[in-house]
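Raw contents of upload_13.pdb, PDB, C-alpha atoms:
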ATOM      1  CA  MET Y   1       9.570  -4.433  24.196
ATOM      2  CA  VAL Y   2       6.312  -3.789  25.978
ATOM      3  CA  ASN Y   3       4.699  -0.548  24.855
ATOM      4  CA  TYR Y   4       3.474   2.281  27.054
ATOM      5  CA  GLY Y   5      -0.209   1.281  26.915
ATOM      6  CA  GLU Y   6       0.524  -2.327  27.803
ATOM      7  CA  ARG Y   7       2.717  -1.245  30.691
ATOM      8  CA  LEU Y   8      -0.088   0.946  32.031
ATOM      9  CA  ASP Y   9      -2.551  -1.939  31.673
ATOM     10  CA  ARG Y  10      -0.287  -4.169  33.708
ATOM     11  CA  THR Y  11       0.311  -1.552  36.376
ATOM     12  CA  PHE Y  12      -3.393  -0.797  36.858
ATOM     13  CA  ALA Y  13      -4.329  -4.491  36.737
ATOM     14  CA  ALA Y  14      -1.685  -5.273  39.354
ATOM     15  CA  LEU Y  15      -2.835  -2.474  41.640
ATOM     16  CA  VAL Y  16      -6.509  -3.405  41.553
ATOM     17  CA  ASP Y  17      -6.053  -6.264  44.023
ATOM     18  CA  PRO Y  18      -6.047  -5.366  47.755
ATOM     19  CA  THR Y  19      -3.568  -8.103  48.718
ATOM     20  CA  ARG Y  20      -1.101  -6.877  46.113
ATOM     21  CA  ARG Y  21      -1.538  -3.289  47.273
ATOM     22  CA  ALA Y  22      -0.894  -4.419  50.859
ATOM     23  CA  ILE Y  23       2.289  -6.167  49.718
ATOM     24  CA  LEU Y  24       3.457  -2.992  47.953
ATOM     25  CA  ALA Y  25       2.581  -0.856  50.950
ATOM     26  CA  ARG Y  26       4.683  -3.103  53.147
ATOM     27  CA  LEU Y  27       7.587  -3.062  50.704
ATOM     28  CA  GLU Y  28       7.593   0.704  50.620
ATOM     29  CA  ARG Y  29       8.029   0.730  54.388
ATOM     30  CA  GLU Y  30      10.646  -1.992  54.634
ATOM     31  CA  ASP Y  31      12.835  -1.695  51.537
ATOM     32  CA  GLY Y  32      13.118  -5.416  50.991
ATOM     33  CA  ALA Y  33      11.452  -8.401  52.630
ATOM     34  CA  SER Y  34      11.621 -12.166  52.330
ATOM     35  CA  ILE Y  35       8.713 -14.019  50.753
ATOM     36  CA  SER Y  36       7.819 -15.803  53.991
ATOM     37  CA  ALA Y  37       7.802 -12.481  55.853
ATOM     38  CA  LEU Y  38       5.531 -10.996  53.176
ATOM     39  CA  ALA Y  39       3.145 -13.960  53.345
ATOM     40  CA  GLN Y  40       2.929 -13.940  57.129
ATOM     41  CA  PRO Y  41       0.143 -11.303  57.664
ATOM     42  CA  PHE Y  42      -2.199 -12.838  55.095
ATOM     43  CA  ALA Y  43      -4.699 -15.624  55.623
ATOM     44  CA  ILE Y  44      -3.664 -17.183  52.337
ATOM     45  CA  LYS Y  45      -1.202 -19.925  51.524
ATOM     46  CA  LEU Y  46       2.298 -19.355  50.255
ATOM     47  CA  PRO Y  47       1.510 -20.446  46.650
ATOM     48  CA  ALA Y  48      -1.221 -17.782  46.487
ATOM     49  CA  VAL Y  49       1.259 -15.168  47.672
ATOM     50  CA  MET Y  50       3.709 -16.389  45.038
ATOM     51  CA  LYS Y  51       1.070 -15.841  42.366
ATOM     52  CA  HIS Y  52       0.514 -12.269  43.521
ATOM     53  CA  LEU Y  53       4.273 -11.702  43.448
ATOM     54  CA  ASP Y  54       4.375 -13.044  39.879
ATOM     55  CA  VAL Y  55       1.755 -10.475  38.836
ATOM     56  CA  LEU Y  56       3.684  -7.672  40.547
ATOM     57  CA  ASP Y  57       6.904  -8.889  38.947
ATOM     58  CA  ASP Y  58       5.326  -9.014  35.461
ATOM     59  CA  ALA Y  59       4.150  -5.435  35.945
ATOM     60  CA  GLY Y  60       7.689  -4.447  36.899
ATOM     61  CA  LEU Y  61       6.516  -3.321  40.342
ATOM     62  CA  ILE Y  62       8.929  -5.538  42.279
ATOM     63  CA  THR Y  63      12.262  -7.240  41.846
ATOM     64  CA  ARG Y  64      13.232 -10.570  43.387
ATOM     65  CA  SER Y  65      16.812 -11.476  44.206
ATOM     66  CA  LYS Y  66      18.015 -14.750  45.642
ATOM     67  CA  ILE Y  67      20.865 -15.011  48.093
ATOM     68  CA  GLY Y  68      21.413 -18.547  49.307
ATOM     69  CA  ARG Y  69      17.971 -19.890  50.039
ATOM     70  CA  THR Y  70      16.354 -16.551  50.764
ATOM     71  CA  VAL Y  71      14.509 -14.568  48.110
ATOM     72  CA  THR Y  72      14.372 -10.864  48.865
ATOM     73  CA  VAL Y  73      11.570  -8.828  47.309
ATOM     74  CA  ARG Y  74      12.011  -5.126  46.634
ATOM     75  CA  LEU Y  75       9.822  -2.417  45.237
ATOM     76  CA  ARG Y  76      10.353  -0.769  41.841
ATOM     77  CA  PRO Y  77       8.691   2.655  41.777
ATOM     78  CA  GLU Y  78       8.969   3.502  38.057
ATOM     79  CA  PRO Y  79       5.677   1.941  36.848
ATOM     80  CA  ILE Y  80       3.692   3.691  39.577
ATOM     81  CA  ARG Y  81       5.275   6.989  38.683
ATOM     82  CA  GLU Y  82       4.437   6.385  35.042
ATOM     83  CA  ALA Y  83       0.788   5.644  35.917
ATOM     84  CA  MET Y  84       0.564   8.811  38.011
ATOM     85  CA  ASP Y  85       2.104  10.901  35.234
ATOM     86  CA  TRP Y  86      -0.487   9.519  32.876
ATOM     87  CA  LEU Y  87      -3.361  10.524  35.186
ATOM     88  CA  ARG Y  88      -1.790  13.942  35.679
ATOM     89  CA  ARG Y  89      -1.835  14.559  31.939
ATOM     90  CA  TYR Y  90      -5.630  14.534  32.085
ATOM     91  CA  GLU Y  91      -5.610  16.777  35.110
ATOM     92  CA  ARG Y  92      -3.370  19.265  33.310
ATOM     93  CA  PHE Y  93      -5.523  19.152  30.196
ATOM     94  CA  TRP Y  94      -8.703  19.953  32.079
ATOM     95  CA  SER Y  95      -7.214  22.340  34.586
ATOM     96  CA  HIS Y  96      -5.821  24.585  31.884
ATOM     97  CA  SER Y  97      -8.896  24.208  29.676
ATOM     98  CA  LEU Y  98     -11.253  25.150  32.522
ATOM     99  CA  ASP Y  99      -9.166  28.194  33.436
ATOM    100  CA  ARG Y 100      -9.530  29.448  29.875
ATOM    101  CA  LEU Y 101     -13.202  28.453  29.780
ATOM    102  CA  ALA Y 102     -13.818  30.528  32.918
ATOM    103  CA  ALA Y 103     -12.001  33.546  31.444
ATOM    104  CA  TYR Y 104     -13.976  33.274  28.204
ATOM    105  CA  ALA Y 105     -17.370  32.874  29.927
ATOM    106  CA  GLU Y 106     -16.633  35.816  32.221
ATOM    107  CA  ARG Y 107     -15.824  37.951  29.202
ATOM    108  CA  LYS Y 108     -19.125  36.891  27.618
ATOM    109  CA  GLU Y 109     -21.000  37.690  30.832
ATOM    110  CA  THR Y 110     -19.534  41.198  30.877
ATOM    111  CA  GLU Y 111     -20.507  41.717  27.232
ATOM    112  CA  ALA Y 112     -24.066  40.493  27.892
ATOM    113  CA  ARG Y 113     -24.443  42.955  30.772
ATOM    114  CA  LYS Y 114     -23.185  45.872  28.693
ATOM    115  CA  LYS Y 115     -25.682  45.078  25.941
ATOM    116  CA  ARG Y 116     -28.582  45.104  28.348
ATOM    117  CA  ARG Y 117     -27.789  48.588  29.586
TER
ATOM    118  CA  MET H   1     -11.750   4.147  39.591
ATOM    119  CA  THR H   2      -9.455   6.142  37.407
ATOM    120  CA  SER H   3     -11.016   9.561  37.214
ATOM    121  CA  VAL H   4     -10.176  13.224  37.453
ATOM    122  CA  THR H   5     -12.573  15.727  39.044
ATOM    123  CA  LEU H   6     -12.121  19.490  38.980
ATOM    124  CA  VAL H   7     -14.343  22.260  40.329
ATOM    125  CA  ARG H   8     -14.381  25.882  39.163
ATOM    126  CA  ARG H   9     -16.396  28.906  40.231
ATOM    127  CA  ILE H  10     -17.067  31.100  37.242
ATOM    128  CA  LYS H  11     -18.439  34.637  37.349
ATOM    129  CA  ALA H  12     -20.920  34.050  34.558
ATOM    130  CA  ARG H  13     -24.468  32.700  34.518
ATOM    131  CA  PRO H  14     -24.912  28.961  33.781
ATOM    132  CA  SER H  15     -26.430  29.560  30.322
ATOM    133  CA  ILE H  16     -23.331  31.485  29.226
ATOM    134  CA  VAL H  17     -21.030  28.779  30.593
ATOM    135  CA  PHE H  18     -23.136  26.139  28.867
ATOM    136  CA  ASP H  19     -22.864  28.011  25.562
ATOM    137  CA  ALA H  20     -19.101  28.169  25.993
ATOM    138  CA  LEU H  21     -19.123  24.364  26.281
ATOM    139  CA  THR H  22     -21.419  23.763  23.332
ATOM    140  CA  THR H  23     -20.501  26.226  20.592
ATOM    141  CA  VAL H  24     -17.591  26.101  18.156
ATOM    142  CA  GLU H  25     -16.708  29.697  19.017
ATOM    143  CA  GLY H  26     -16.658  28.836  22.726
ATOM    144  CA  ILE H  27     -14.595  25.675  22.357
ATOM    145  CA  ALA H  28     -12.080  27.408  20.094
ATOM    146  CA  ASN H  29     -11.430  29.788  22.989
ATOM    147  CA  TRP H  30     -10.603  27.319  25.738
ATOM    148  CA  TRP H  31      -9.972  23.728  24.629
ATOM    149  CA  GLY H  32      -6.462  22.415  25.244
ATOM    150  CA  PRO H  33      -3.781  21.902  27.922
ATOM    151  CA  ASP H  34      -1.738  24.984  27.030
ATOM    152  CA  ALA H  35      -2.057  28.182  24.995
ATOM    153  CA  GLY H  36      -1.819  26.334  21.665
ATOM    154  CA  PRO H  37      -4.655  26.807  19.152
ATOM    155  CA  VAL H  38      -7.751  24.757  18.384
ATOM    156  CA  LEU H  39      -7.329  23.701  14.738
ATOM    157  CA  ALA H  40     -10.769  22.250  14.067
ATOM    158  CA  ALA H  41     -13.975  21.838  16.034
ATOM    159  CA  GLU H  42     -17.137  20.085  14.920
ATOM    160  CA  ILE H  43     -19.896  19.742  17.442
ATOM    161  CA  ASP H  44     -23.496  18.627  17.428
ATOM    162  CA  PRO H  45     -24.612  19.052  21.039
ATOM    163  CA  GLN H  46     -27.689  16.848  21.186
ATOM    164  CA  VAL H  47     -28.131  13.329  22.507
ATOM    165  CA  GLY H  48     -26.552  11.025  19.917
ATOM    166  CA  GLY H  49     -24.732  13.930  18.256
ATOM    167  CA  ARG H  50     -20.949  13.905  18.025
ATOM    168  CA  PHE H  51     -18.018  16.192  18.663
ATOM    169  CA  ARG H  52     -14.517  16.241  17.249
ATOM    170  CA  VAL H  53     -11.878  18.731  18.312
ATOM    171  CA  ARG H  54      -8.306  18.947  17.082
ATOM    172  CA  PHE H  55      -5.737  21.143  18.796
ATOM    173  CA  ARG H  56      -2.035  21.914  18.609
ATOM    174  CA  MET H  57       0.116  22.248  21.685
ATOM    175  CA  LEU H  58       2.928  24.766  22.087
ATOM    176  CA  ASP H  59       5.447  21.961  21.542
ATOM    177  CA  GLY H  60       3.995  21.555  18.032
ATOM    178  CA  SER H  61       2.278  18.212  18.673
ATOM    179  CA  GLU H  62      -1.306  17.840  17.427
ATOM    180  CA  HIS H  63      -4.022  15.922  19.228
ATOM    181  CA  GLU H  64      -7.609  15.114  18.508
ATOM    182  CA  SER H  65     -10.443  13.799  20.619
ATOM    183  CA  SER H  66     -13.955  12.874  19.637
ATOM    184  CA  GLY H  67     -17.032  11.294  21.114
ATOM    185  CA  GLU H  68     -20.790  11.255  21.401
ATOM    186  CA  TYR H  69     -23.094  13.361  23.553
ATOM    187  CA  VAL H  70     -25.057  11.086  25.875
ATOM    188  CA  ASP H  71     -26.890  13.716  27.939
ATOM    189  CA  VAL H  72     -27.496  17.358  27.108
ATOM    190  CA  VAL H  73     -29.615  19.436  29.491
ATOM    191  CA  LYS H  74     -29.124  23.163  29.076
ATOM    192  CA  PRO H  75     -27.889  24.795  31.301
ATOM    193  CA  GLU H  76     -27.342  22.023  33.838
ATOM    194  CA  ARG H  77     -25.310  19.189  32.460
ATOM    195  CA  LEU H  78     -23.443  17.908  29.469
ATOM    196  CA  ILE H  79     -22.203  14.341  29.298
ATOM    197  CA  MET H  80     -20.181  12.890  26.477
ATOM    198  CA  THR H  81     -18.020   9.914  25.654
ATOM    199  CA  TRP H  82     -14.381  10.691  24.943
ATOM    200  CA  ARG H  83     -11.748   9.036  22.887
ATOM    201  CA  TRP H  84      -8.357  10.194  21.630
ATOM    202  CA  THR H  85      -8.395   9.806  17.873
ATOM    203  CA  GLY H  86      -5.961  10.450  15.058
ATOM    204  CA  GLY H  87      -2.965   9.314  17.090
ATOM    205  CA  VAL H  88      -1.357   6.431  18.914
ATOM    206  CA  GLU H  89      -2.393   7.529  22.392
ATOM    207  CA  ASP H  90      -5.853   5.919  22.479
ATOM    208  CA  PRO H  91      -6.378   4.178  25.836
ATOM    209  CA  GLY H  92     -10.041   3.386  25.094
ATOM    210  CA  GLU H  93     -13.275   5.206  25.632
ATOM    211  CA  SER H  94     -13.856   7.356  28.703
ATOM    212  CA  LEU H  95     -16.637   9.644  29.910
ATOM    213  CA  VAL H  96     -16.666  13.422  30.417
ATOM    214  CA  GLU H  97     -19.357  15.088  32.543
ATOM    215  CA  PHE H  98     -19.878  18.803  33.053
ATOM    216  CA  ARG H  99     -22.345  19.771  35.785
ATOM    217  CA  LEU H 100     -23.341  23.400  36.224
ATOM    218  CA  ARG H 101     -24.984  24.827  39.310
ATOM    219  CA  PRO H 102     -26.071  28.443  39.780
ATOM    220  CA  VAL H 103     -24.360  30.141  42.717
ATOM    221  CA  ALA H 104     -24.585  33.705  44.045
ATOM    222  CA  ASP H 105     -21.923  35.197  41.780
ATOM    223  CA  GLY H 106     -22.314  32.916  38.778
ATOM    224  CA  THR H 107     -21.798  29.206  38.215
ATOM    225  CA  GLU H 108     -20.141  26.323  39.933
ATOM    226  CA  LEU H 109     -18.793  23.908  37.339
ATOM    227  CA  ILE H 110     -17.871  20.354  38.234
ATOM    228  CA  LEU H 111     -15.961  18.392  35.637
ATOM    229  CA  THR H 112     -15.477  14.645  35.974
ATOM    230  CA  HIS H 113     -13.485  12.673  33.452
ATOM    231  CA  SER H 114     -13.965   9.022  34.408
ATOM    232  CA  GLY H 115     -13.198   5.582  33.086
ATOM    233  CA  LEU H 116      -9.742   6.818  32.149
ATOM    234  CA  HIS H 117      -8.437   3.343  32.233
ATOM    235  CA  ASP H 118     -10.359   0.457  30.763
ATOM    236  CA  ASP H 119      -9.674  -2.346  33.200
ATOM    237  CA  GLU H 120     -11.375  -4.453  35.823
ATOM    238  CA  THR H 121     -11.503  -1.557  38.280
ATOM    239  CA  ARG H 122     -14.783  -0.702  36.613
ATOM    240  CA  GLY H 123     -17.656  -2.184  38.586
ATOM    241  CA  SER H 124     -15.237  -3.268  41.249
ATOM    242  CA  HIS H 125     -16.111  -2.712  44.890
ATOM    243  CA  GLU H 126     -12.678  -1.363  45.537
ATOM    244  CA  HIS H 127     -12.565   2.352  46.128
ATOM    245  CA  GLY H 128      -9.853   4.859  46.544
ATOM    246  CA  TRP H 129      -7.036   2.924  44.991
ATOM    247  CA  THR H 130      -5.868   5.959  43.087
ATOM    248  CA  GLY H 131      -5.481   7.477  46.536
ATOM    249  CA  ALA H 132      -3.463   4.441  47.553
ATOM    250  CA  LEU H 133      -1.379   4.879  44.432
ATOM    251  CA  ASP H 134      -0.817   8.495  45.274
ATOM    252  CA  LYS H 135       0.334   7.594  48.788
ATOM    253  CA  LEU H 136       2.713   4.976  47.469
ATOM    254  CA  GLU H 137       4.186   7.401  45.020
ATOM    255  CA  ARG H 138       4.638  10.164  47.534
ATOM    256  CA  HIS H 139       6.463   7.746  49.745
ATOM    257  CA  PHE H 140       8.822   6.818  46.924
ATOM    258  CA  PHE H 141       9.808  10.405  46.500
ATOM    259  CA  VAL H 142      10.516  10.650  50.199
ATOM    260  CA  ILE H 143      12.653   7.517  50.110
ATOM    261  CA  GLU H 144      14.591   8.712  47.106
ATOM    262  CA  GLY H 145      15.110  12.142  48.559
ATOM    263  CA  SER H 146      16.517  10.785  51.821
ATOM    264  CA  PRO H 147      20.241  10.082  52.114
ATOM    265  CA  LEU H 148      19.808   6.307  52.532
TER
END

Can you present the structure in this file as structure tokens?
Amino acid sequence: MVNYGERLDRTFAALVDPTRRAILARLEREDGASISALAQPFAIKLPAVMKHLDVLDDAGLITRSKIGRTVTVRLRPEPIREAMDWLRRYERFWSHSLDRLAAYAERKETEARKKRR
Amino acid sequence: MTSVTLVRRIKARPSIVFDALTTVEGIANWWGPDAGPVLAAEIDPQVGGRFRVRFRMLDGSEHESSGEYVDVVKPERLIMTWRWTGGVEDPGESLVEFRLRPVADGTELILTHSGLHDDETRGSHEHGWTGALDKLERHFFVIEGSPL
């Protein structure tokens, strides 16, 4: 069982490469594509594409299913959603903290002005 | 680059906002993602000094973060390292920057929490991949919401 932190590591590491992001972007449009179709737009050889697919597969970002001689690649959205949720936790933390910070500082400003009068 | 940036306009002068960021009394009044209380705050706001803040959320869970001040210029900026401590959630060290700018009715505060994920994106020439991630995710929701 891969833990949460390791899953995030794999997701972010998989997404850092532009070729892999392009593959994911295509899969989100097409809902399933063959490996040769995926390799076609890139100026890299099929084995290199296979390596990228292995990384995406390890990160749980794609699934591969074989029917006859054709392997169909599909997207799995869960890891991306998990990574976004993780980033949003920080956003929530700071957004709420800064709202309260602003309210507190504004109270202090009002007090400081009253004292000066 | 995994980072979060937020901007707030506050109707208080920068020195008051800075004090709110760098005093125990101030921090006890605002730190945390919901209305739960700050349980402990130790801060030494000078370069090389450390902070440690523990808070409880409304769901009862307790969290603690700590780090070291790397730049302290009153009332302009406050930069500190950040790490979740006292729990299992530690994803490594990140960096928190507060920048304060005087504006007509008070202060503009810019918060950046960067280096949220310790991976090879750091120092990479790739930009905007969190944006790409966001786009991908939004698309997923559209796909799932459609009657396909």

Check what the PyMOL selection byres ((chain H) within 6 of (chain Y)) selects in the file above and give those residues as an mmCIF file with C-alpha atoms, in the coordinates of the input.
data_model
loop_
_atom_site.group_PDB
_atom_site.id
_atom_site.type_symbol
_atom_site.label_atom_id
_atom_site.label_comp_id
_atom_site.auth_asym_id
_atom_site.auth_seq_id
_atom_site.Cartn_x
_atom_site.Cartn_y
_atom_site.Cartn_z
ATOM 1 C CA ILE H 10 -17.067 31.100 37.242
ATOM 2 C CA LYS H 11 -18.439 34.637 37.349
ATOM 3 C CA ALA H 12 -20.920 34.050 34.558
ATOM 4 C CA VAL H 17 -21.030 28.779 30.593
ATOM 5 C CA TRP H 30 -10.603 27.319 25.738
ATOM 6 C CA TRP H 31 -9.972 23.728 24.629
ATOM 7 C CA GLY H 32 -6.462 22.415 25.244
ATOM 8 C CA PRO H 33 -3.781 21.902 27.922
#

Practice item. Can you turn the PyMOL selection byres ((chain H and resi 2) around 6) into a concrete residue list for this file, as a list in words? Key: Met1, Ser3, Gly115, Leu116 and His117 of chain H

Given 6 Å of margin on each side, can you work out the centre and size in Å (one decimal) of an axis-aligned box holding every listed atom of stretch 48-58 of chain Y, as JSON?
{"center_x": 2.8, "center_y": -12.7, "center_z": 41.6, "size_x": 20.1, "size_y": 22.1, "size_z": 24.2}

Review point. Mind pulling up the distance from atom CA of H:Ser65 to atom CA of Y:Asp85?
Key: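 Distance reported for this atom pair: 19.5 Å.
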
Check your understanding: In Å, how far is it from atom CA of Y:Gly32 to atom CA of Y:Val73?
Key ->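 Pair atom CA of Y:Gly32 / atom CA of Y:Val73 returns 5.3 Å.
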
Exercise for review: Please determine the residues with any atom at most 7 Å from (-4.3, 18.5, 17.1) (coordinates as given in the file, with only C-alpha atoms counting) and report them as a PyMOL selection string.
Suggested key: chain H and resi 39+54-56+61-64

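Remark: for H:Asp105, the closest of the candidate residues H:Ala40, H:Pro14, H:Gly92, H:Ile79 is H:Pro14 (distances computed over only C-alpha atoms).
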
**Study point:** Point-to-point distance in Å for atom CA of Y:Ala59 and atom CA of H:Leu95
**Key:**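 Separating atom CA of H:Leu95 from atom CA of Y:Ala59 is a distance of 26.4 Å.
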
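Among the candidate residues Y:Glu111, Y:Ile23, Y:Pro47, Y:Asn3, the one lying nearest to Y:Ile62 is Y:Ile23, with distances computed using only C-alpha atoms.
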
Review point. Given the file above and the PyMOL selection byres ((chain H and resi 81) around 12), which residues are selected, and can you give them as number ranges by chain?
Key: H: 47-52, 65-71, 78-80, 82-84, 92-98, 112-116

Review point. Within 7 Å of H:Arg77, counting all atoms listed in the file, which residues qualify if same-chain residues fewer than 4 places away don't, as a PyMOL selection string?
Key: chain H and resi 72-73+98-100

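Counting only C-alpha atoms, the residue from Y:Ser34, Y:Glu82, Y:Arg116, Y:Ile67 that sits nearest to Y:Leu53 is Y:Ser34.
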
Rebuild stretch 50-67 of chain Y to N, CA and C atoms - output it as an mmCIF file, in the coordinates of the input, please.
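Output saved as selection_4.cif:
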data_model
loop_
_atom_site.group_PDB
_atom_site.id
_atom_site.type_symbol
_atom_site.label_atom_id
_atom_site.label_comp_id
_atom_site.auth_asym_id
_atom_site.auth_seq_id
_atom_site.Cartn_x
_atom_site.Cartn_y
_atom_site.Cartn_z
ATOM 1 N N MET Y 50 2.771 -16.315 46.168
ATOM 2 C CA MET Y 50 3.709 -16.389 45.038
ATOM 3 C C MET Y 50 3.049 -15.915 43.748
ATOM 4 N N LYS Y 51 1.777 -16.281 43.578
ATOM 5 C CA LYS Y 51 1.070 -15.841 42.366
ATOM 6 C C LYS Y 51 0.942 -14.328 42.321
ATOM 7 N N HIS Y 52 0.597 -13.734 43.466
ATOM 8 C CA HIS Y 52 0.514 -12.269 43.521
ATOM 9 C C HIS Y 52 1.873 -11.643 43.187
ATOM 10 N N LEU Y 53 2.931 -12.244 43.723
ATOM 11 C CA LEU Y 53 4.273 -11.702 43.448
ATOM 12 C C LEU Y 53 4.612 -11.817 41.959
ATOM 13 N N ASP Y 54 4.143 -12.908 41.325
ATOM 14 C CA ASP Y 54 4.375 -13.044 39.879
ATOM 15 C C ASP Y 54 3.708 -11.902 39.109
ATOM 16 N N VAL Y 55 2.468 -11.565 39.513
ATOM 17 C CA VAL Y 55 1.755 -10.475 38.836
ATOM 18 C C VAL Y 55 2.503 -9.149 39.027
ATOM 19 N N LEU Y 56 2.948 -8.914 40.257
ATOM 20 C CA LEU Y 56 3.684 -7.672 40.547
ATOM 21 C C LEU Y 56 5.007 -7.638 39.781
ATOM 22 N N ASP Y 57 5.632 -8.791 39.679
ATOM 23 C CA ASP Y 57 6.904 -8.889 38.947
ATOM 24 C C ASP Y 57 6.675 -8.613 37.455
ATOM 25 N N ASP Y 58 5.635 -9.230 36.885
ATOM 26 C CA ASP Y 58 5.326 -9.014 35.461
ATOM 27 C C ASP Y 58 5.055 -7.544 35.166
ATOM 28 N N ALA Y 59 4.455 -6.853 36.127
ATOM 29 C CA ALA Y 59 4.150 -5.435 35.945
ATOM 30 C C ALA Y 59 5.370 -4.562 36.231
ATOM 31 N N GLY Y 60 6.462 -5.201 36.621
ATOM 32 C CA GLY Y 60 7.689 -4.447 36.899
ATOM 33 C C GLY Y 60 7.637 -3.677 38.207
ATOM 34 N N LEU Y 61 6.685 -4.064 39.092
ATOM 35 C CA LEU Y 61 6.516 -3.321 40.342
ATOM 36 C C LEU Y 61 7.431 -3.815 41.458
ATOM 37 N N ILE Y 62 7.990 -5.014 41.281
ATOM 38 C CA ILE Y 62 8.929 -5.538 42.279
ATOM 39 C C ILE Y 62 10.103 -6.205 41.569
ATOM 40 N N THR Y 63 11.163 -6.387 42.314
ATOM 41 C CA THR Y 63 12.262 -7.240 41.846
ATOM 42 C C THR Y 63 12.474 -8.329 42.901
ATOM 43 N N ARG Y 64 12.934 -9.479 42.460
ATOM 44 C CA ARG Y 64 13.232 -10.570 43.387
ATOM 45 C C ARG Y 64 14.688 -10.956 43.211
ATOM 46 N N SER Y 65 15.416 -11.033 44.307
ATOM 47 C CA SER Y 65 16.812 -11.476 44.206
ATOM 48 C C SER Y 65 17.053 -12.589 45.217
ATOM 49 N N LYS Y 66 17.810 -13.576 44.795
ATOM 50 C CA LYS Y 66 18.015 -14.750 45.642
ATOM 51 C C LYS Y 66 19.438 -14.770 46.163
ATOM 52 N N ILE Y 67 19.547 -14.840 47.480
ATOM 53 C CA ILE Y 67 20.865 -15.011 48.093
ATOM 54 C C ILE Y 67 20.779 -16.259 48.963
#
